[in-house]
Amino acid sequence: MAPPTNDAPLISLLRAASRGRDCVGLASVDAAVIRWAITTGLGPLLYETIKDDRDAAGMPFCSELRSASLTAQVVAGEQSDAMDEILQACEPVASPITLLKGISISEQYYPEPHLRPMRDLDLLVEERALPGVESCLLKLGYCRPSTGPAERYQNHHHTMPLFHPQRRIWVEVHRGLLPPRSPAGMDRVFNIEHVQTQRLPSAFHGRAAMRLSDELQVVYIAAHWAGSFQVVGGMVALLDMIYLLQRKGDAIDWGCLLGWLPGSVASTYLYVVLTYLERHHLIDIDPGVLRELALCQRSRGSIKEVILHALIDRYYVGGSPFGWPFSPRNIRILWSTLLLPGSPLRHLLRLPCHLLLPWRLRKRFAR
């Protein structure tokens, strides 16, 4: 089946990325879309797709896209230098550190690292190595700008974030991949013992490092993306999945991956993102994988899929403004409600109560 020709401009941009830098003409993209692409972190990617288009050179927003691209290259270079410095400093106190999220994915799957925006550097280390790694970071000039107590992070999946005032870089040192009390964080696939089996030897600019297996990366991207409805950043996760499957799709052991997921929350998260990308012809995936993934879930229903995909289209891709009654809070509650285990229809009937109850009571009511 051929891709539809009336897609939203950012879907066309994602398709250009998935097909290998096909040109996206600026003449068909209005100013609001270009601003939204820059806001969501896709400005450098949009510039890559149009920079050789002669007709685009004179467009008003071409200079803004060029600026976004140059800024991303400078930031990516600074983050890369900082990561290299951290690996060197921490080598005596920690076994090879595991790179997480953008600092790993940008070099693994993206055509150019600067096309993958990053807010911070994420590192996974063993619990026993946490004090040594944080001590090294403090010696490198990182500090804890938060005035909150460090104890609040004792049961969190990472320690208190550290910030380098000269480099303007944040670092999160992880002891786990997801908050342990989050729905997906309690899945066995994210159990730290299992995660340790999926750490593979790698290198970062010649220095020893570890990275997650491609199979765990697939599940982790989906779980981190779907665990909360974050409009800015949501498009980047979709792009992560596109590039990962474009580069590694044939090599992924889907049988092994699916074996981790029966009855898990993560299976629902992964199903949502993969069916969305497949619906827009942004990935090529065996239909049998989607069928097996559907069977892994504790909750299934076409109404849930339709609504979740519509929310992605409207707010992630379309950049539609929020407003009453569709406030950011209410949309987040709708999103998380639909992703709860059990009957989607039952949860939709409970939605008015979810909207009225405080978070702690809503969590208890949803059990």
# chains A, B, ... in the order shown; residues from 1 in each chain; ligands from 1
>>> closest_atom_pairs(of="region 278-358 of chain A", to="region 223-234 of chain A", cutoff="12 Å", atoms="only C-alpha atoms", output="Markdown table")
| residue | atom | partner | partner_atom | distance |
| --- | --- | --- | --- | --- |
| A:Leu308 | CA | A:Ala226 | CA | 10.2 |
| A:His309 | CA | A:Ala226 | CA | 11.8 |
| A:Leu311 | CA | A:Phe229 | CA | 9.5 |
| A:Ile312 | CA | A:Gly234 | CA | 8.6 |
| A:Asp313 | CA | A:Val231 | CA | 11.0 |
| A:Arg314 | CA | A:Val231 | CA | 10.2 |
| A:Tyr315 | CA | A:Val231 | CA | 6.5 |
| A:Tyr316 | CA | A:Val231 | CA | 5.3 |
| A:Val317 | CA | A:Val231 | CA | 8.9 |
| A:Gly318 | CA | A:Val231 | CA | 10.3 |
| A:Gly319 | CA | A:Val231 | CA | 8.1 |
| A:Ser320 | CA | A:Val231 | CA | 10.2 |
| A:Pro321 | CA | A:Val231 | CA | 10.7 |
| A:Phe322 | CA | A:Val231 | CA | 10.8 |
| A:Pro328 | CA | A:Phe229 | CA | 8.7 |
| A:Arg329 | CA | A:Phe229 | CA | 9.4 |
| A:Asn330 | CA | A:Phe229 | CA | 10.5 |
| A:Ile331 | CA | A:Phe229 | CA | 7.8 |
| A:Arg332 | CA | A:Phe229 | CA | 5.4 |
| A:Ile333 | CA | A:Phe229 | CA | 8.8 |
| A:Leu334 | CA | A:Phe229 | CA | 9.5 |
| A:Trp335 | CA | A:Phe229 | CA | 6.8 |
| A:Ser336 | CA | A:Ser228 | CA | 7.2 |
| A:Thr337 | CA | A:Ser228 | CA | 11.0 |
| A:Leu338 | CA | A:Ala226 | CA | 11.0 |
| A:Leu339 | CA | A:Ala226 | CA | 8.6 |
| A:Leu340 | CA | A:Gly227 | CA | 10.7 |
>>> write_last_selection(atoms="C-alpha atoms", output="short mmCIF file (atom, residue, chain, number, x, y, z; two decimals), in the first residue's frame")
data_model
loop_
_atom_site.label_atom_id
_atom_site.label_comp_id
_atom_site.auth_asym_id
_atom_site.auth_seq_id
_atom_site.Cartn_x
_atom_site.Cartn_y
_atom_site.Cartn_z
CA LEU A 308 -4.15 7.21 21.49
CA HIS A 309 -3.15 7.57 17.84
CA LEU A 311 -3.74 12.24 20.52
CA ILE A 312 -0.34 11.68 18.89
CA ASP A 313 -1.59 13.13 15.60
CA ARG A 314 -3.14 16.17 17.26
CA TYR A 315 -0.59 17.17 19.89
CA TYR A 316 2.75 15.55 19.01
CA VAL A 317 2.61 15.83 15.23
CA GLY A 318 0.12 18.65 14.72
CA GLY A 319 1.21 20.85 17.61
CA SER A 320 -2.41 21.78 18.35
CA PRO A 321 -2.81 24.18 21.28
CA PHE A 322 -4.30 22.98 24.53
CA PRO A 328 -2.32 19.43 29.39
CA ARG A 329 -3.36 17.89 32.72
CA ASN A 330 -6.56 16.37 31.32
CA ILE A 331 -4.84 15.02 28.22
CA ARG A 332 -2.15 13.40 30.36
CA ILE A 333 -4.84 11.77 32.50
CA LEU A 334 -6.69 10.54 29.40
CA TRP A 335 -3.43 9.13 28.01
CA SER A 336 -2.45 7.32 31.21
CA THR A 337 -6.01 6.07 31.74
CA LEU A 338 -6.14 4.44 28.32
CA LEU A 339 -2.81 2.73 28.97
CA LEU A 340 -3.96 1.12 32.22
#
>>> closest_atom_pairs(of="region 186-221 of chain A", to="region 263-276 of chain A", cutoff="10 Å", atoms="only C-alpha atoms", output="Markdown table")
| residue | atom | partner | partner_atom | distance |
| --- | --- | --- | --- | --- |
| A:Met186 | CA | A:Val265 | CA | 8.7 |
| A:Asp187 | CA | A:Ser264 | CA | 5.9 |
| A:Arg188 | CA | A:Ser264 | CA | 8.0 |
| A:Val189 | CA | A:Ala266 | CA | 8.3 |
| A:Phe190 | CA | A:Ala266 | CA | 9.3 |
| A:Val218 | CA | A:Leu270 | CA | 7.9 |
| A:Val219 | CA | A:Leu270 | CA | 6.3 |
| A:Tyr220 | CA | A:Ala266 | CA | 8.4 |
| A:Ile221 | CA | A:Leu270 | CA | 8.5 |
>>> residues_around(residues="Pro44 (chain A)", least_positions_apart="6", cutoff="9 Å", atoms="only C-alpha atoms", output="PyMOL selection string")
chain A and resi 37-38+65-73+114-117
>>> write_last_selection(atoms="C-alpha atoms", output="PDB file, in the first residue's frame")
ATOM      1  CA  ALA A  37       9.489  21.446  14.131  1.00  0.00           C
ATOM      2  CA  ILE A  38      12.093  23.645  15.828  1.00  0.00           C
ATOM      3  CA  LEU A  65      16.472  26.187  10.430  1.00  0.00           C
ATOM      4  CA  ARG A  66      20.122  26.701   9.508  1.00  0.00           C
ATOM      5  CA  SER A  67      20.672  28.381  12.874  1.00  0.00           C
ATOM      6  CA  ALA A  68      18.946  25.514  14.687  1.00  0.00           C
ATOM      7  CA  SER A  69      21.184  23.044  12.856  1.00  0.00           C
ATOM      8  CA  LEU A  70      24.406  24.927  13.653  1.00  0.00           C
ATOM      9  CA  THR A  71      23.412  25.301  17.294  1.00  0.00           C
ATOM     10  CA  ALA A  72      22.649  21.578  17.506  1.00  0.00           C
ATOM     11  CA  GLN A  73      26.087  20.761  16.096  1.00  0.00           C
ATOM     12  CA  HIS A 114      23.450  16.419  16.155  1.00  0.00           C
ATOM     13  CA  LEU A 115      20.139  15.376  14.566  1.00  0.00           C
ATOM     14  CA  ARG A 116      19.194  13.798  17.896  1.00  0.00           C
ATOM     15  CA  PRO A 117      18.550  16.570  20.475  1.00  0.00           C
TER      16      PRO A 117
END
>>> select_by_dssp(residues="region 124-337 of chain A", states="strand (DSSP E)", output="JSON, numbers by chain")
{"A": [124, 162, 163, 164, 169, 170, 171, 172, 173, 174, 199, 200, 201, 202, 203, 204, 207, 208, 209, 210, 211, 212]}
>>> closest_residue(among="A:Gly323, A:Pro161, A:Gly255, A:Gly176", to="Leu290 (chain A)", atoms="only C-alpha atoms")
A:Gly255
>>> select_by_dssp(residues="region 38-243 of chain A", states="alpha helix (DSSP H)", output="number ranges by chain")
A: 38-39, 43-50, 62-90, 101-108, 130-139, 192-197, 214-226, 231-243
>>> write_last_selection(atoms="C-alpha atoms", output="JSON list (two decimals), in the first residue's frame")
[["chain", "number", "residue", "atom", "x", "y", "z"],
["A", 38, "ILE", "CA", 12.09, 23.64, 15.83],
["A", 39, "THR", "CA", 10.22, 23.51, 19.16],
["A", 43, "GLY", "CA", 14.61, 21.67, 13.22],
["A", 44, "PRO", "CA", 18.07, 20.24, 12.36],
["A", 45, "LEU", "CA", 16.44, 17.24, 10.66],
["A", 46, "LEU", "CA", 14.15, 19.48, 8.62],
["A", 47, "TYR", "CA", 17.16, 21.55, 7.58],
["A", 48, "GLU", "CA", 18.98, 18.38, 6.45],
["A", 49, "THR", "CA", 16.07, 17.48, 4.19],
["A", 50, "ILE", "CA", 15.85, 20.90, 2.50],
["A", 62, "CYS", "CA", 15.43, 28.74, 6.10],
["A", 63, "SER", "CA", 17.83, 30.88, 8.12],
["A", 64, "GLU", "CA", 16.13, 29.84, 11.37],
["A", 65, "LEU", "CA", 16.47, 26.19, 10.43],
["A", 66, "ARG", "CA", 20.12, 26.70, 9.51],
["A", 67, "SER", "CA", 20.67, 28.38, 12.87],
["A", 68, "ALA", "CA", 18.95, 25.51, 14.69],
["A", 69, "SER", "CA", 21.18, 23.04, 12.86],
["A", 70, "LEU", "CA", 24.41, 24.93, 13.65],
["A", 71, "THR", "CA", 23.41, 25.30, 17.29],
["A", 72, "ALA", "CA", 22.65, 21.58, 17.51],
["A", 73, "GLN", "CA", 26.09, 20.76, 16.10],
["A", 74, "VAL", "CA", 27.81, 22.94, 18.69],
["A", 75, "VAL", "CA", 25.75, 21.47, 21.54],
["A", 76, "ALA", "CA", 26.32, 17.90, 20.34],
["A", 77, "GLY", "CA", 30.06, 18.55, 20.16],
["A", 78, "GLU", "CA", 30.12, 19.91, 23.70],
["A", 79, "GLN", "CA", 28.11, 16.96, 25.01],
["A", 80, "SER", "CA", 30.39, 14.52, 23.21],
["A", 81, "ASP", "CA", 33.49, 16.14, 24.74],
["A", 82, "ALA", "CA", 31.88, 16.05, 28.18],
["A", 83, "MET", "CA", 31.01, 12.36, 27.82],
["A", 84, "ASP", "CA", 34.56, 11.54, 26.77],
["A", 85, "GLU", "CA", 35.89, 13.42, 29.80],
["A", 86, "ILE", "CA", 33.49, 11.59, 32.14],
["A", 87, "LEU", "CA", 34.42, 8.15, 30.81],
["A", 88, "GLN", "CA", 38.11, 8.92, 31.24],
["A", 89, "ALA", "CA", 37.65, 10.23, 34.79],
["A", 90, "CYS", "CA", 35.42, 7.37, 35.92],
["A", 101, "LYS", "CA", 19.17, 7.51, 25.68],
["A", 102, "GLY", "CA", 20.46, 10.26, 23.41],
["A", 103, "ILE", "CA", 24.20, 10.01, 24.05],
["A", 104, "SER", "CA", 24.03, 6.35, 22.99],
["A", 105, "ILE", "CA", 21.31, 6.46, 20.34],
["A", 106, "SER", "CA", 22.67, 9.51, 18.49],
["A", 107, "GLU", "CA", 25.85, 7.67, 17.51],
["A", 108, "GLN", "CA", 24.31, 4.22, 17.14],
["A", 130, "LEU", "CA", 27.46, 5.35, 42.38],
["A", 131, "PRO", "CA", 29.48, 7.19, 45.07],
["A", 132, "GLY", "CA", 32.71, 6.90, 43.10],
["A", 133, "VAL", "CA", 31.14, 8.11, 39.86],
["A", 134, "GLU", "CA", 29.47, 11.08, 41.55],
["A", 135, "SER", "CA", 32.74, 11.97, 43.28],
["A", 136, "CYS", "CA", 34.48, 12.02, 39.88],
["A", 137, "LEU", "CA", 31.77, 14.25, 38.45],
["A", 138, "LEU", "CA", 32.10, 16.71, 41.34],
["A", 139, "LYS", "CA", 35.86, 16.86, 40.74],
["A", 192, "ILE", "CA", 18.06, -4.57, 36.98],
["A", 193, "GLU", "CA", 19.24, -8.20, 36.86],
["A", 194, "HIS", "CA", 17.70, -8.57, 33.41],
["A", 195, "VAL", "CA", 19.06, -5.22, 32.27],
["A", 196, "GLN", "CA", 22.56, -6.33, 33.25],
["A", 197, "THR", "CA", 22.27, -9.26, 30.82],
["A", 214, "ASP", "CA", 18.98, -3.35, 20.30],
["A", 215, "GLU", "CA", 16.09, -5.46, 21.62],
["A", 216, "LEU", "CA", 16.07, -3.72, 25.01],
["A", 217, "GLN", "CA", 16.53, -0.34, 23.32],
["A", 218, "VAL", "CA", 13.30, -0.92, 21.39],
["A", 219, "VAL", "CA", 11.34, -1.63, 24.58],
["A", 220, "TYR", "CA", 13.06, 1.13, 26.56],
["A", 221, "ILE", "CA", 12.35, 3.82, 23.96],
["A", 222, "ALA", "CA", 8.67, 2.85, 23.90],
["A", 223, "ALA", "CA", 8.35, 2.68, 27.70],
["A", 224, "HIS", "CA", 10.12, 5.97, 28.33],
["A", 225, "TRP", "CA", 8.02, 7.63, 25.61],
["A", 226, "ALA", "CA", 4.60, 6.30, 26.62],
["A", 231, "VAL", "CA", 4.57, 16.88, 23.86],
["A", 232, "VAL", "CA", 8.04, 18.39, 23.50],
["A", 233, "GLY", "CA", 10.30, 15.36, 23.20],
["A", 234, "GLY", "CA", 7.60, 12.97, 22.04],
["A", 235, "MET", "CA", 8.50, 13.42, 18.39],
["A", 236, "VAL", "CA", 12.15, 12.66, 19.15],
["A", 237, "ALA", "CA", 11.22, 9.24, 20.56],
["A", 238, "LEU", "CA", 9.31, 8.44, 17.38],
["A", 239, "LEU", "CA", 12.40, 9.38, 15.39],
["A", 240, "ASP", "CA", 14.57, 7.21, 17.67],
["A", 241, "MET", "CA", 12.40, 4.21, 16.88],
["A", 242, "ILE", "CA", 12.37, 4.94, 13.15],
["A", 243, "TYR", "CA", 16.17, 5.15, 12.92]]
>>> residues_around(residues="region 143-145 of chain A", least_positions_apart="5", cutoff="12 Å", atoms="only C-alpha atoms", output="list of chain:residue names")
A:Glu134, A:Ser135, A:Cys136, A:Leu137, A:Leu138, A:Ala150, A:Thr159, A:Met160, A:Pro161, A:Leu162, A:Phe163, A:His164, A:Pro165, A:Gln166, A:Arg167, A:Arg168, A:Ile169, A:Trp170, A:Val171, A:Glu172
>>> closest_residue(among="A:Pro96, A:Gly41, A:Pro287, A:Pro325", to="Leu10 (chain A)", atoms="only C-alpha atoms")
A:Gly41
>>> decode(residues="region 143-165 of chain A", atoms="N, CA and C atoms", output="compact mmCIF listing (two decimals), in the first residue's frame")
# COMPACT_ATOMS: atom_id res chain seq x y z
N CYS A 143 27.98 20.14 39.77
CA CYS A 143 27.45 20.46 41.09
C CYS A 143 25.98 20.07 41.15
N ARG A 144 25.43 20.11 42.36
CA ARG A 144 24.02 19.81 42.57
C ARG A 144 23.28 21.12 42.82
N PRO A 145 22.69 21.71 41.79
CA PRO A 145 22.03 23.00 41.98
C PRO A 145 20.70 22.91 42.72
N SER A 146 20.12 21.71 42.81
CA SER A 146 18.84 21.57 43.48
C SER A 146 18.99 21.82 44.97
N THR A 147 18.01 22.50 45.56
CA THR A 147 18.03 22.76 47.00
C THR A 147 17.27 21.68 47.77
N GLY A 148 16.67 20.73 47.06
CA GLY A 148 15.94 19.65 47.71
C GLY A 148 16.87 18.65 48.36
N PRO A 149 16.36 17.86 49.28
CA PRO A 149 17.20 16.86 49.95
C PRO A 149 17.59 15.72 49.01
N ALA A 150 18.84 15.30 49.08
CA ALA A 150 19.32 14.21 48.23
C ALA A 150 18.61 12.90 48.57
N GLU A 151 18.08 12.80 49.82
CA GLU A 151 17.44 11.55 50.25
C GLU A 151 16.21 11.20 49.40
N ARG A 152 15.58 12.21 48.81
CA ARG A 152 14.39 11.94 48.01
C ARG A 152 14.72 11.10 46.78
N TYR A 153 16.00 11.03 46.41
CA TYR A 153 16.41 10.24 45.24
C TYR A 153 16.90 8.84 45.62
N GLN A 154 16.87 8.50 46.91
CA GLN A 154 17.41 7.20 47.33
C GLN A 154 16.66 6.04 46.71
N ASN A 155 15.36 6.18 46.53
CA ASN A 155 14.55 5.12 45.94
C ASN A 155 14.13 5.44 44.51
N HIS A 156 14.81 6.41 43.91
CA HIS A 156 14.53 6.81 42.54
C HIS A 156 15.42 6.01 41.60
N HIS A 157 15.15 6.10 40.29
CA HIS A 157 15.98 5.33 39.35
C HIS A 157 17.26 6.07 38.96
N HIS A 158 17.41 7.30 39.41
CA HIS A 158 18.69 7.99 39.24
C HIS A 158 18.92 8.90 40.45
N THR A 159 20.16 9.29 40.64
CA THR A 159 20.50 10.17 41.75
C THR A 159 20.16 11.61 41.38
N MET A 160 20.40 12.51 42.32
CA MET A 160 20.09 13.93 42.05
C MET A 160 20.90 14.41 40.84
N PRO A 161 20.24 15.02 39.84
CA PRO A 161 20.96 15.47 38.64
C PRO A 161 22.08 16.45 38.97
N LEU A 162 23.14 16.35 38.20
CA LEU A 162 24.31 17.21 38.37
C LEU A 162 24.43 18.15 37.17
N PHE A 163 24.98 19.33 37.41
CA PHE A 163 25.04 20.37 36.37
C PHE A 163 26.43 20.97 36.33
N HIS A 164 26.95 21.17 35.10
CA HIS A 164 28.25 21.81 34.92
C HIS A 164 27.99 23.26 34.46
N PRO A 165 28.28 24.24 35.30
CA PRO A 165 27.91 25.63 34.96
C PRO A 165 28.63 26.20 33.74
